[in-house]
>>> print(open('final_19.pdb').read())   # PDB, C-alpha atoms and all ligand atoms
ATOM      1  CA  MET A   1       6.812 -12.489 -11.410
ATOM      2  CA  ASN A   2       3.145 -12.044 -10.591
ATOM      3  CA  VAL A   3       2.373  -9.433  -7.978
ATOM      4  CA  LEU A   4      -0.895  -8.479  -6.321
ATOM      5  CA  PHE A   5      -0.874  -5.136  -4.526
ATOM      6  CA  LEU A   6      -4.040  -4.132  -2.674
ATOM      7  CA  GLY A   7      -4.989  -0.676  -1.410
ATOM      8  CA  ASP A   8      -5.562   0.476   2.161
ATOM      9  CA  VAL A   9      -7.201  -2.362   4.093
ATOM     10  CA  VAL A  10      -9.912  -0.815   6.282
ATOM     11  CA  GLY A  11     -10.755  -2.630   9.523
ATOM     12  CA  SER A  12     -12.494  -5.993   9.850
ATOM     13  CA  PRO A  13     -14.478  -5.718   6.572
ATOM     14  CA  GLY A  14     -11.174  -5.312   4.720
ATOM     15  CA  ARG A  15      -9.490  -8.168   6.528
ATOM     16  CA  ASN A  16     -12.480 -10.484   6.019
ATOM     17  CA  ALA A  17     -12.603  -9.696   2.298
ATOM     18  CA  ILE A  18      -8.952 -10.683   1.942
ATOM     19  CA  LYS A  19      -9.601 -13.894   3.840
ATOM     20  CA  LYS A  20     -12.418 -14.736   1.427
ATOM     21  CA  ALA A  21     -10.909 -13.608  -1.867
ATOM     22  CA  LEU A  22      -7.172 -14.237  -1.632
ATOM     23  CA  PRO A  23      -7.095 -18.054  -2.025
ATOM     24  CA  GLU A  24      -8.928 -17.799  -5.359
ATOM     25  CA  PHE A  25      -6.760 -14.854  -6.479
ATOM     26  CA  LYS A  26      -3.619 -16.835  -5.731
ATOM     27  CA  LYS A  27      -4.776 -19.579  -8.068
ATOM     28  CA  LYS A  28      -6.171 -17.293 -10.765
ATOM     29  CA  TYR A  29      -3.127 -15.026 -11.035
ATOM     30  CA  LYS A  30      -0.446 -17.572  -9.945
ATOM     31  CA  LEU A  31       0.758 -15.011  -7.438
ATOM     32  CA  ASP A  32       4.388 -14.876  -6.340
ATOM     33  CA  LEU A  33       4.016 -11.863  -4.056
ATOM     34  CA  VAL A  34       1.064 -10.287  -2.253
ATOM     35  CA  ILE A  35       1.486  -6.843  -0.700
ATOM     36  CA  VAL A  36      -1.166  -4.725   1.003
ATOM     37  CA  ASN A  37      -1.227  -1.294   2.587
ATOM     38  CA  VAL A  38      -2.290  -1.511   6.232
ATOM     39  CA  ASP A  39      -2.591   2.171   7.148
ATOM     40  CA  ASN A  40      -6.210   1.573   8.274
ATOM     41  CA  VAL A  41      -6.197  -2.100   9.165
ATOM     42  CA  THR A  42      -6.909  -1.789  12.909
ATOM     43  CA  HIS A  43     -10.473  -0.508  13.545
ATOM     44  CA  GLY A  44     -10.066   1.616  10.408
ATOM     45  CA  ILE A  45      -7.098   3.675  11.536
ATOM     46  CA  GLY A  46      -3.512   2.597  12.162
ATOM     47  CA  THR A  47      -1.797  -0.778  12.374
ATOM     48  CA  THR A  48      -1.141  -3.345  15.107
ATOM     49  CA  ARG A  49       0.807  -6.611  15.166
ATOM     50  CA  ASP A  50      -2.229  -8.871  15.633
ATOM     51  CA  LYS A  51      -3.937  -7.560  12.478
ATOM     52  CA  VAL A  52      -0.744  -7.898  10.447
ATOM     53  CA  GLU A  53      -0.348 -11.482  11.646
ATOM     54  CA  GLU A  54      -3.991 -12.177  10.826
ATOM     55  CA  LEU A  55      -3.405 -11.058   7.220
ATOM     56  CA  MET A  56      -0.172 -13.090   7.013
ATOM     57  CA  HIS A  57      -2.258 -16.082   7.993
ATOM     58  CA  TYR A  58      -4.575 -15.351   5.020
ATOM     59  CA  GLY A  59      -1.582 -15.332   2.666
ATOM     60  CA  VAL A  60      -0.357 -11.728   2.506
ATOM     61  CA  ASP A  61       3.443 -11.545   2.261
ATOM     62  CA  TYR A  62       4.328  -7.937   2.955
ATOM     63  CA  PHE A  63       2.825  -4.733   4.340
ATOM     64  CA  THR A  64       3.222  -1.006   3.699
ATOM     65  CA  ASN A  65       1.967   1.929   5.716
ATOM     66  CA  GLY A  66       1.277   5.641   5.670
ATOM     67  CA  ASP A  67       0.289   8.611   7.795
ATOM     68  CA  HIS A  68      -1.328   6.509  10.569
ATOM     69  CA  VAL A  69       1.647   4.225  11.120
ATOM     70  CA  TYR A  70       2.392   5.587  14.610
ATOM     71  CA  ARG A  71      -1.232   5.607  15.801
ATOM     72  CA  PHE A  72      -0.757   2.783  18.324
ATOM     73  CA  LYS A  73       2.030   3.164  20.846
ATOM     74  CA  GLU A  74       2.357  -0.576  21.365
ATOM     75  CA  PHE A  75       3.104  -1.007  17.660
ATOM     76  CA  LEU A  76       6.230   1.181  17.713
ATOM     77  CA  LYS A  77       8.481  -1.622  18.970
ATOM     78  CA  ASP A  78       6.901  -4.064  16.515
ATOM     79  CA  LEU A  79       7.966  -1.813  13.657
ATOM     80  CA  ASP A  80      11.565  -2.448  14.678
ATOM     81  CA  ASP A  81      11.061  -6.221  14.625
ATOM     82  CA  LYS A  82      12.941  -7.423  11.541
ATOM     83  CA  ASN A  83      10.815 -10.589  11.482
ATOM     84  CA  LEU A  84       7.584  -8.653  11.041
ATOM     85  CA  PRO A  85       7.261  -7.843   7.321
ATOM     86  CA  VAL A  86       6.006  -4.279   7.762
ATOM     87  CA  LEU A  87       7.368  -1.007   6.410
ATOM     88  CA  ARG A  88       6.750   2.613   7.336
ATOM     89  CA  PRO A  89       7.345   5.456   4.877
ATOM     90  CA  ALA A  90      11.105   5.775   4.292
ATOM     91  CA  ASN A  91      11.073   9.579   4.372
ATOM     92  CA  TYR A  92      10.084   9.758   8.051
ATOM     93  CA  PRO A  93      13.087  10.922  10.095
ATOM     94  CA  GLU A  94      15.934   8.422  10.231
ATOM     95  CA  VAL A  95      15.413   8.078  14.006
ATOM     96  CA  SER A  96      11.687   7.223  13.752
ATOM     97  CA  PRO A  97      10.658   3.632  14.586
ATOM     98  CA  GLY A  98      10.635   1.096  11.782
ATOM     99  CA  ARG A  99      12.210   0.811   8.344
ATOM    100  CA  GLY A 100      11.215   2.270   5.007
ATOM    101  CA  PHE A 101      12.426  -0.454   2.675
ATOM    102  CA  ASP A 102      13.276  -4.118   2.729
ATOM    103  CA  VAL A 103      14.664  -6.830   0.501
ATOM    104  CA  ILE A 104      12.263  -9.727  -0.018
ATOM    105  CA  ASP A 105      13.788 -13.032  -1.062
ATOM    106  CA  LEU A 106      11.614 -14.912  -3.557
ATOM    107  CA  GLY A 107      14.016 -17.833  -4.009
ATOM    108  CA  LYS A 108      14.471 -18.771  -7.669
ATOM    109  CA  LEU A 109      12.716 -15.603  -8.805
ATOM    110  CA  GLY A 110      15.340 -13.429  -7.110
ATOM    111  CA  GLN A 111      15.118 -10.544  -4.669
ATOM    112  CA  VAL A 112      12.585  -7.736  -4.580
ATOM    113  CA  LEU A 113      13.334  -4.314  -3.142
ATOM    114  CA  LEU A 114      10.121  -2.974  -1.606
ATOM    115  CA  ILE A 115      10.040   0.706  -0.663
ATOM    116  CA  ASN A 116       7.386   2.756   1.135
ATOM    117  CA  LEU A 117       7.319   6.550   0.636
ATOM    118  CA  MET A 118       4.912   9.285   1.688
ATOM    119  CA  GLY A 119       3.917  12.521  -0.027
ATOM    120  CA  GLN A 120       4.495  16.042   1.273
ATOM    121  CA  VAL A 121       1.306  17.627  -0.069
ATOM    122  CA  PHE A 122      -1.897  17.896   2.062
ATOM    123  CA  LEU A 123      -0.680  15.516   4.771
ATOM    124  CA  ARG A 124      -0.374  16.262   8.472
ATOM    125  CA  ASP A 125       3.273  15.361   8.961
ATOM    126  CA  THR A 126       5.783  17.126   6.791
ATOM    127  CA  LEU A 127       8.422  14.613   5.875
ATOM    128  CA  ASP A 128      11.658  14.771   3.909
ATOM    129  CA  SER A 129      11.341  14.957   0.147
ATOM    130  CA  PRO A 130      10.309  11.553  -1.252
ATOM    131  CA  PHE A 131      12.302  12.433  -4.380
ATOM    132  CA  LYS A 132      15.486  12.947  -2.387
ATOM    133  CA  LYS A 133      14.821   9.855  -0.285
ATOM    134  CA  ILE A 134      14.290   7.546  -3.240
ATOM    135  CA  ASP A 135      17.502   8.840  -4.845
ATOM    136  CA  GLU A 136      19.382   7.924  -1.665
ATOM    137  CA  ILE A 137      17.861   4.445  -1.481
ATOM    138  CA  LEU A 138      18.495   3.648  -5.151
ATOM    139  CA  GLU A 139      22.062   4.938  -4.810
ATOM    140  CA  GLN A 140      22.592   2.680  -1.795
ATOM    141  CA  PHE A 141      21.596  -0.363  -3.864
ATOM    142  CA  LYS A 142      23.070   0.711  -7.206
ATOM    143  CA  ASP A 143      25.313  -2.352  -7.440
ATOM    144  CA  VAL A 144      22.600  -4.868  -6.564
ATOM    145  CA  LYS A 145      20.567  -6.566  -9.266
ATOM    146  CA  PHE A 146      16.993  -6.906  -8.054
ATOM    147  CA  ALA A 147      14.352  -8.979  -9.796
ATOM    148  CA  ALA A 148      11.983  -6.070  -9.154
ATOM    149  CA  ILE A 149      11.800  -2.765  -7.312
ATOM    150  CA  ILE A 150       8.329  -1.920  -6.041
ATOM    151  CA  ILE A 151       7.193   1.329  -4.411
ATOM    152  CA  ASP A 152       4.084   2.239  -2.430
ATOM    153  CA  PHE A 153       3.767   6.035  -2.583
ATOM    154  CA  HIS A 154       1.261   6.990   0.115
ATOM    155  CA  ALA A 155       0.138  10.453  -0.933
ATOM    156  CA  GLU A 156      -2.898  12.679  -1.324
ATOM    157  CA  ALA A 157      -2.148  14.787  -4.390
ATOM    158  CA  THR A 158      -2.451  13.079  -7.773
ATOM    159  CA  SER A 159       0.137  15.488  -9.232
ATOM    160  CA  GLU A 160       2.751  14.481  -6.667
ATOM    161  CA  LYS A 161       2.194  10.811  -7.456
ATOM    162  CA  LYS A 162       2.367  11.409 -11.216
ATOM    163  CA  ALA A 163       5.552  13.437 -10.766
ATOM    164  CA  LEU A 164       7.260  10.627  -8.865
ATOM    165  CA  SER A 165       6.201   8.099 -11.487
ATOM    166  CA  TYR A 166       7.852  10.049 -14.321
ATOM    167  CA  TYR A 167      10.889  10.731 -12.151
ATOM    168  CA  LEU A 168      11.383   6.997 -11.638
ATOM    169  CA  ASP A 169      10.261   5.576 -14.983
ATOM    170  CA  GLY A 170      12.769   2.932 -16.024
ATOM    171  CA  LYS A 171      14.481   2.936 -12.628
ATOM    172  CA  VAL A 172      11.894   0.850 -10.775
ATOM    173  CA  SER A 173       9.425  -1.878 -11.759
ATOM    174  CA  LEU A 174       6.169  -0.742 -10.200
ATOM    175  CA  ILE A 175       4.835   2.330  -8.383
ATOM    176  CA  VAL A 176       1.429   2.232  -6.714
ATOM    177  CA  GLY A 177      -0.257   5.155  -5.036
ATOM    178  CA  THR A 178      -2.230   4.661  -1.834
ATOM    179  CA  HIS A 179      -4.045   6.793   0.790
ATOM    180  CA  THR A 180      -7.106   8.244  -0.982
ATOM    181  CA  HIS A 181      -9.112   4.975  -0.844
ATOM    182  CA  ILE A 182     -10.536   5.835  -4.279
ATOM    183  CA  GLN A 183      -9.242   3.685  -7.110
ATOM    184  CA  THR A 184      -8.042   5.625 -10.126
ATOM    185  CA  ASN A 185      -8.608   4.354 -13.641
ATOM    186  CA  ASP A 186      -5.084   5.020 -14.903
ATOM    187  CA  ALA A 187      -3.153   1.774 -14.435
ATOM    188  CA  MET A 188      -0.475   2.018 -17.137
ATOM    189  CA  ILE A 189       3.002   1.071 -18.200
ATOM    190  CA  LEU A 190       5.216   4.122 -18.675
ATOM    191  CA  LYS A 191       7.608   4.521 -21.624
ATOM    192  CA  ARG A 192      10.594   2.892 -19.942
ATOM    193  CA  GLY A 193       8.676  -0.024 -18.456
ATOM    194  CA  THR A 194       7.552   1.122 -15.003
ATOM    195  CA  GLY A 195       4.047   0.015 -14.073
ATOM    196  CA  TYR A 196       2.005   2.730 -12.393
ATOM    197  CA  ILE A 197      -1.347   3.593 -10.851
ATOM    198  CA  THR A 198      -2.188   6.860  -9.080
ATOM    199  CA  ASP A 199      -4.221   5.118  -6.382
ATOM    200  CA  LEU A 200      -5.015   1.471  -5.729
ATOM    201  CA  GLY A 201      -8.227   2.261  -3.856
ATOM    202  CA  MET A 202      -9.126   0.387  -0.679
ATOM    203  CA  VAL A 203     -10.249  -2.921   0.708
ATOM    204  CA  GLY A 204     -13.159  -1.679   2.774
ATOM    205  CA  THR A 205     -16.933  -1.318   2.972
ATOM    206  CA  LYS A 206     -18.231  -0.120  -0.371
ATOM    207  CA  ASP A 207     -21.212   1.882   0.869
ATOM    208  CA  SER A 208     -19.158   4.257   2.988
ATOM    209  CA  ILE A 209     -16.910   7.288   2.863
ATOM    210  CA  LEU A 210     -13.365   5.868   2.739
ATOM    211  CA  GLY A 211     -14.561   2.904   4.793
ATOM    212  CA  GLU A 212     -16.185   5.096   7.436
ATOM    213  CA  ASN A 213     -19.834   5.458   8.374
ATOM    214  CA  ILE A 214     -21.501   7.956   6.026
ATOM    215  CA  ASN A 215     -23.458   9.879   8.678
ATOM    216  CA  SER A 216     -20.437  10.391  10.892
ATOM    217  CA  ILE A 217     -18.567  12.084   8.053
ATOM    218  CA  LEU A 218     -21.616  14.012   6.846
ATOM    219  CA  GLU A 219     -22.108  15.427  10.316
ATOM    220  CA  HIS A 220     -18.526  16.593  10.394
ATOM    221  CA  TYR A 221     -18.853  18.361   7.043
ATOM    222  CA  LYS A 222     -22.229  19.922   7.889
ATOM    223  CA  LEU A 223     -21.610  21.024  11.478
ATOM    224  CA  LYS A 224     -17.816  21.329  11.556
ATOM    225  CA  THR A 225     -17.868  19.516  14.889
ATOM    226  CA  PRO A 226     -14.882  17.282  15.695
ATOM    227  CA  HIS A 227     -14.860  14.048  13.808
ATOM    228  CA  ARG A 228     -14.425  10.633  15.417
ATOM    229  CA  TYR A 229     -13.609   7.648  13.283
ATOM    230  CA  THR A 230     -16.583   5.272  12.936
ATOM    231  CA  LEU A 231     -15.906   2.159  10.904
ATOM    232  CA  GLU A 232     -18.678   1.117   8.492
ATOM    233  CA  GLU A 233     -19.210  -2.629   8.718
ATOM    234  CA  GLU A 234     -22.528  -3.115   6.889
ATOM    235  CA  GLY A 235     -22.801  -4.382   3.327
ATOM    236  CA  LYS A 236     -20.403  -5.583   0.700
ATOM    237  CA  THR A 237     -16.718  -4.852   0.629
ATOM    238  CA  ALA A 238     -14.837  -3.311  -2.258
ATOM    239  CA  LEU A 239     -11.532  -5.047  -2.912
ATOM    240  CA  ASN A 240      -9.274  -2.728  -4.917
ATOM    241  CA  GLY A 241      -5.735  -3.015  -6.164
ATOM    242  CA  VAL A 242      -3.661  -4.063  -9.141
ATOM    243  CA  PHE A 243      -2.251  -7.241 -10.550
ATOM    244  CA  ALA A 244       1.149  -6.766 -12.217
ATOM    245  CA  GLU A 245       3.290  -9.082 -14.273
ATOM    246  CA  ILE A 246       6.981  -8.171 -14.053
ATOM    247  CA  ASP A 247       9.523  -9.822 -16.372
ATOM    248  CA  SER A 248      13.003 -11.106 -15.516
ATOM    249  CA  LYS A 249      14.500  -7.687 -16.351
ATOM    250  CA  GLY A 250      12.284  -5.972 -13.803
ATOM    251  CA  ILE A 251      10.005  -4.442 -16.436
ATOM    252  CA  THR A 252       6.250  -4.448 -15.992
ATOM    253  CA  LYS A 253       4.657  -6.287 -18.902
ATOM    254  CA  LYS A 254       1.079  -6.217 -17.725
ATOM    255  CA  ILE A 255      -0.857  -4.190 -15.159
ATOM    256  CA  ARG A 256      -4.520  -4.788 -14.518
ATOM    257  CA  LEU A 257      -7.010  -3.150 -12.164
ATOM    258  CA  VAL A 258      -8.452  -5.388  -9.482
ATOM    259  CA  ASN A 259     -11.871  -4.137  -8.446
ATOM    260  CA  VAL A 260     -14.278  -6.716  -7.095
ATOM    261  CA  ASP A 261     -17.082  -6.709  -4.570
ATOM    262  CA  VAL A 262     -16.820  -9.254  -1.801
ATOM    263  CA  LEU A 263     -20.013 -10.245  -0.001
ATOM    264  CA  SER A 264     -19.730 -10.366   3.780
TER     265      SER A 264
HETATM  266 FE    FE B   1      -5.832   5.052   4.197
HETATM  267 FE    FE B   2      -3.325   7.429   4.696
END
>>> encode(input="final_19.pdb", output="structure tokens", more="lines below")
Ligand SMILES: [Fe+2]
Ligand SMILES: [Fe+2]
Amino acid sequence: MNVLFLGDVVGSPGRNAIKKALPEFKKKYKLDLVIVNVDNVTHGIGTTRDKVEELMHYGVDYFTNGDHVYRFKEFLKDLDDKNLPVLRPANYPEVSPGRGFDVIDLGKLGQVLLINLMGQVFLRDTLDSPFKKIDEILEQFKDVKFAAIIIDFHAEATSEKKALSYYLDGKVSLIVGTHTHIQTNDAMILKRGTGYITDLGMVGTKDSILGENINSILEHYKLKTPHRYTLEEEGKTALNGVFAEIDSKGITKKIRLVNVDVLS
């Protein structure tokens, strides 16, 4: 199974880059499944139905989220729509809108269990332990044979992401970190066959700070005045993620960084 997982898509530059690049990627990598993180897809912060549907139209199959998932009130009910292929981190309270995992049917290739988790370190909302949550989810499905189990771990601290990867090595097929918007150079296959990267990076304006206008962030750091999100839309877009090849036993055989510039 060939999977493309892209990092946090930031606003219109991110969406446009996917529109431009994905058709060629689909051919080049013979993709069976395309997943992207949409924590910043709407004006650079949060997610809404229209932007998710736009990306579905470009060929994205499934969507994960993070700390901005509840940014837009009107999106809360959409998160409960079983027909909209969007997850929120599974370790939010049970009663929170949305679902944290889903089973994706890939026909002849089998079923994929996709799970979204969020870290506890350096993030605004303190959620349940992702370690405890993943144990519960894997226990729930212990009698099901999935073609692959894929996790997006939306977290700030590299150590927390590394810890989860070693905790789950051999139990899941692929773990990708998201949230920092900076791609790490550590795509690897762990001893027991789990593919891993600490952070996928982003799909957003390259000449920016996390997809935001440089001066707006600089001002915040220099003056300590409140910061308002200002999307950077000028220049080329960095398209970051990984391509992974997962075998019929759910083991990652190949993991490759995807890091290309897309001209707007
Ligand atoms: Fe993000
Ligand atoms: Fe985030």
>>> closest_atom_pairs(input="final_19.pdb", of="chain A", to="ligand FE 2 (chain B)", cutoff="10 Å", atoms="only C-alpha atoms and all ligand atoms", output="CSV")
residue,atom,partner,partner_atom,distance
A:Asp8,CA,B:FE2,FE,7.7
A:Asn37,CA,B:FE2,FE,9.2
A:Val38,CA,B:FE2,FE,9.1
A:Asp39,CA,B:FE2,FE,5.8
A:Asn40,CA,B:FE2,FE,7.4
A:Ile45,CA,B:FE2,FE,8.7
A:Gly46,CA,B:FE2,FE,8.9
A:Asn65,CA,B:FE2,FE,7.7
A:Gly66,CA,B:FE2,FE,5.0
A:Asp67,CA,B:FE2,FE,4.9
A:His68,CA,B:FE2,FE,6.3
A:Val69,CA,B:FE2,FE,8.7
A:Met118,CA,B:FE2,FE,9.0
A:Leu123,CA,B:FE2,FE,8.5
A:His154,CA,B:FE2,FE,6.5
A:Ala155,CA,B:FE2,FE,7.3
A:Glu156,CA,B:FE2,FE,8.0
A:Thr178,CA,B:FE2,FE,7.2
A:His179,CA,B:FE2,FE,4.0
A:Thr180,CA,B:FE2,FE,6.9
A:His181,CA,B:FE2,FE,8.4
>>> resolve_selection(input="final_19.pdb", expression="the PyMOL selection byres (((chain A and resi 231-235) around 7) and not hetatm)", output="list in words")
Pro13, His43, Gly44, Thr205, Asp207, Ser208, Gly211, Glu212, Asn213, Tyr229, Thr230, Lys236, Thr237 and Ser264 of chain A
>>> closest_residue(input="final_19.pdb", among="A:Lys27, A:Val36, A:Lys73, A:Ala244", to="ligand FE 1 (chain B)", atoms="only C-alpha atoms and all ligand atoms")
A:Val36
>>> closest_residue(input="final_19.pdb", among="A:Val144, A:Leu113, A:Gln183, A:Tyr29", to="ligand FE 1 (chain B)", atoms="only C-alpha atoms and all ligand atoms")
A:Gln183
>>> residues_around(input="final_19.pdb", residues="Tyr92 (chain A)", least_positions_apart="2", cutoff="12 Å", atoms="all atoms listed in the file", output="list in words")
Asn65, Gly66, Asp67, Val69, Tyr70, Leu87, Arg88, Pro89, Ala90, Glu94, Val95, Ser96, Pro97, Gly98, Arg99, Gly100, Phe101, Asn116, Leu117, Met118, Gly119, Gln120, Asp125, Thr126, Leu127, Asp128, Ser129, Pro130 and Lys133 of chain A
>>> closest_residue(input="final_19.pdb", among="A:Phe153, A:Asp61, A:Lys51, A:Gln140", to="ligand FE 1 (chain B)", atoms="only C-alpha atoms and all ligand atoms")
A:Phe153
>>> residues_around(input="final_19.pdb", residues="Gly59 (chain A)", least_positions_apart="6", cutoff="9 Å", atoms="all atoms listed in the file", output="list in words")
Ile18, Lys19, Leu22, Pro23, Lys26 and Val34 of chain A
>>> atom_distance(input="final_19.pdb", atom1="CA of Phe5 (chain A)", atom2="CA of Phe243 (chain A)")
6.5 Å
>>> build_atoms(input="final_19.pdb", residues="region 234-247 of chain A", atoms="N, CA and C atoms", output="PDB file, keeping the file's coordinate frame")
ATOM      1  N   GLU A 234     -21.354  -2.539   7.550  1.00  0.00           N
ATOM      2  CA  GLU A 234     -22.528  -3.115   6.889  1.00  0.00           C
ATOM      3  C   GLU A 234     -22.344  -3.181   5.383  1.00  0.00           C
ATOM      4  N   GLY A 235     -22.762  -4.292   4.793  1.00  0.00           N
ATOM      5  CA  GLY A 235     -22.801  -4.382   3.327  1.00  0.00           C
ATOM      6  C   GLY A 235     -21.551  -4.984   2.721  1.00  0.00           C
ATOM      7  N   LYS A 236     -21.515  -4.925   1.376  1.00  0.00           N
ATOM      8  CA  LYS A 236     -20.403  -5.583   0.700  1.00  0.00           C
ATOM      9  C   LYS A 236     -19.117  -4.766   0.778  1.00  0.00           C
ATOM     10  N   THR A 237     -18.037  -5.477   0.525  1.00  0.00           N
ATOM     11  CA  THR A 237     -16.718  -4.852   0.629  1.00  0.00           C
ATOM     12  C   THR A 237     -16.100  -4.708  -0.751  1.00  0.00           C
ATOM     13  N   ALA A 238     -15.561  -3.536  -1.009  1.00  0.00           N
ATOM     14  CA  ALA A 238     -14.837  -3.311  -2.258  1.00  0.00           C
ATOM     15  C   ALA A 238     -13.405  -3.783  -2.058  1.00  0.00           C
ATOM     16  N   LEU A 239     -12.918  -4.583  -2.989  1.00  0.00           N
ATOM     17  CA  LEU A 239     -11.532  -5.047  -2.912  1.00  0.00           C
ATOM     18  C   LEU A 239     -10.787  -4.465  -4.118  1.00  0.00           C
ATOM     19  N   ASN A 240      -9.949  -3.491  -3.850  1.00  0.00           N
ATOM     20  CA  ASN A 240      -9.274  -2.728  -4.917  1.00  0.00           C
ATOM     21  C   ASN A 240      -7.765  -2.910  -4.882  1.00  0.00           C
ATOM     22  N   GLY A 241      -7.188  -2.957  -6.065  1.00  0.00           N
ATOM     23  CA  GLY A 241      -5.735  -3.015  -6.164  1.00  0.00           C
ATOM     24  C   GLY A 241      -5.309  -3.204  -7.600  1.00  0.00           C
ATOM     25  N   VAL A 242      -4.097  -3.703  -7.789  1.00  0.00           N
ATOM     26  CA  VAL A 242      -3.661  -4.063  -9.141  1.00  0.00           C
ATOM     27  C   VAL A 242      -2.957  -5.417  -9.121  1.00  0.00           C
ATOM     28  N   PHE A 243      -3.054  -6.054 -10.276  1.00  0.00           N
ATOM     29  CA  PHE A 243      -2.251  -7.241 -10.550  1.00  0.00           C
ATOM     30  C   PHE A 243      -1.184  -6.811 -11.552  1.00  0.00           C
ATOM     31  N   ALA A 244       0.076  -7.143 -11.288  1.00  0.00           N
ATOM     32  CA  ALA A 244       1.149  -6.766 -12.217  1.00  0.00           C
ATOM     33  C   ALA A 244       2.016  -7.957 -12.542  1.00  0.00           C
ATOM     34  N   GLU A 245       2.371  -8.036 -13.816  1.00  0.00           N
ATOM     35  CA  GLU A 245       3.290  -9.082 -14.273  1.00  0.00           C
ATOM     36  C   GLU A 245       4.614  -8.404 -14.593  1.00  0.00           C
ATOM     37  N   ILE A 246       5.662  -8.800 -13.889  1.00  0.00           N
ATOM     38  CA  ILE A 246       6.981  -8.171 -14.053  1.00  0.00           C
ATOM     39  C   ILE A 246       7.931  -9.204 -14.646  1.00  0.00           C
ATOM     40  N   ASP A 247       8.653  -8.826 -15.711  1.00  0.00           N
ATOM     41  CA  ASP A 247       9.523  -9.822 -16.372  1.00  0.00           C
ATOM     42  C   ASP A 247      10.873  -9.947 -15.657  1.00  0.00           C
TER      43      ASP A 247
END
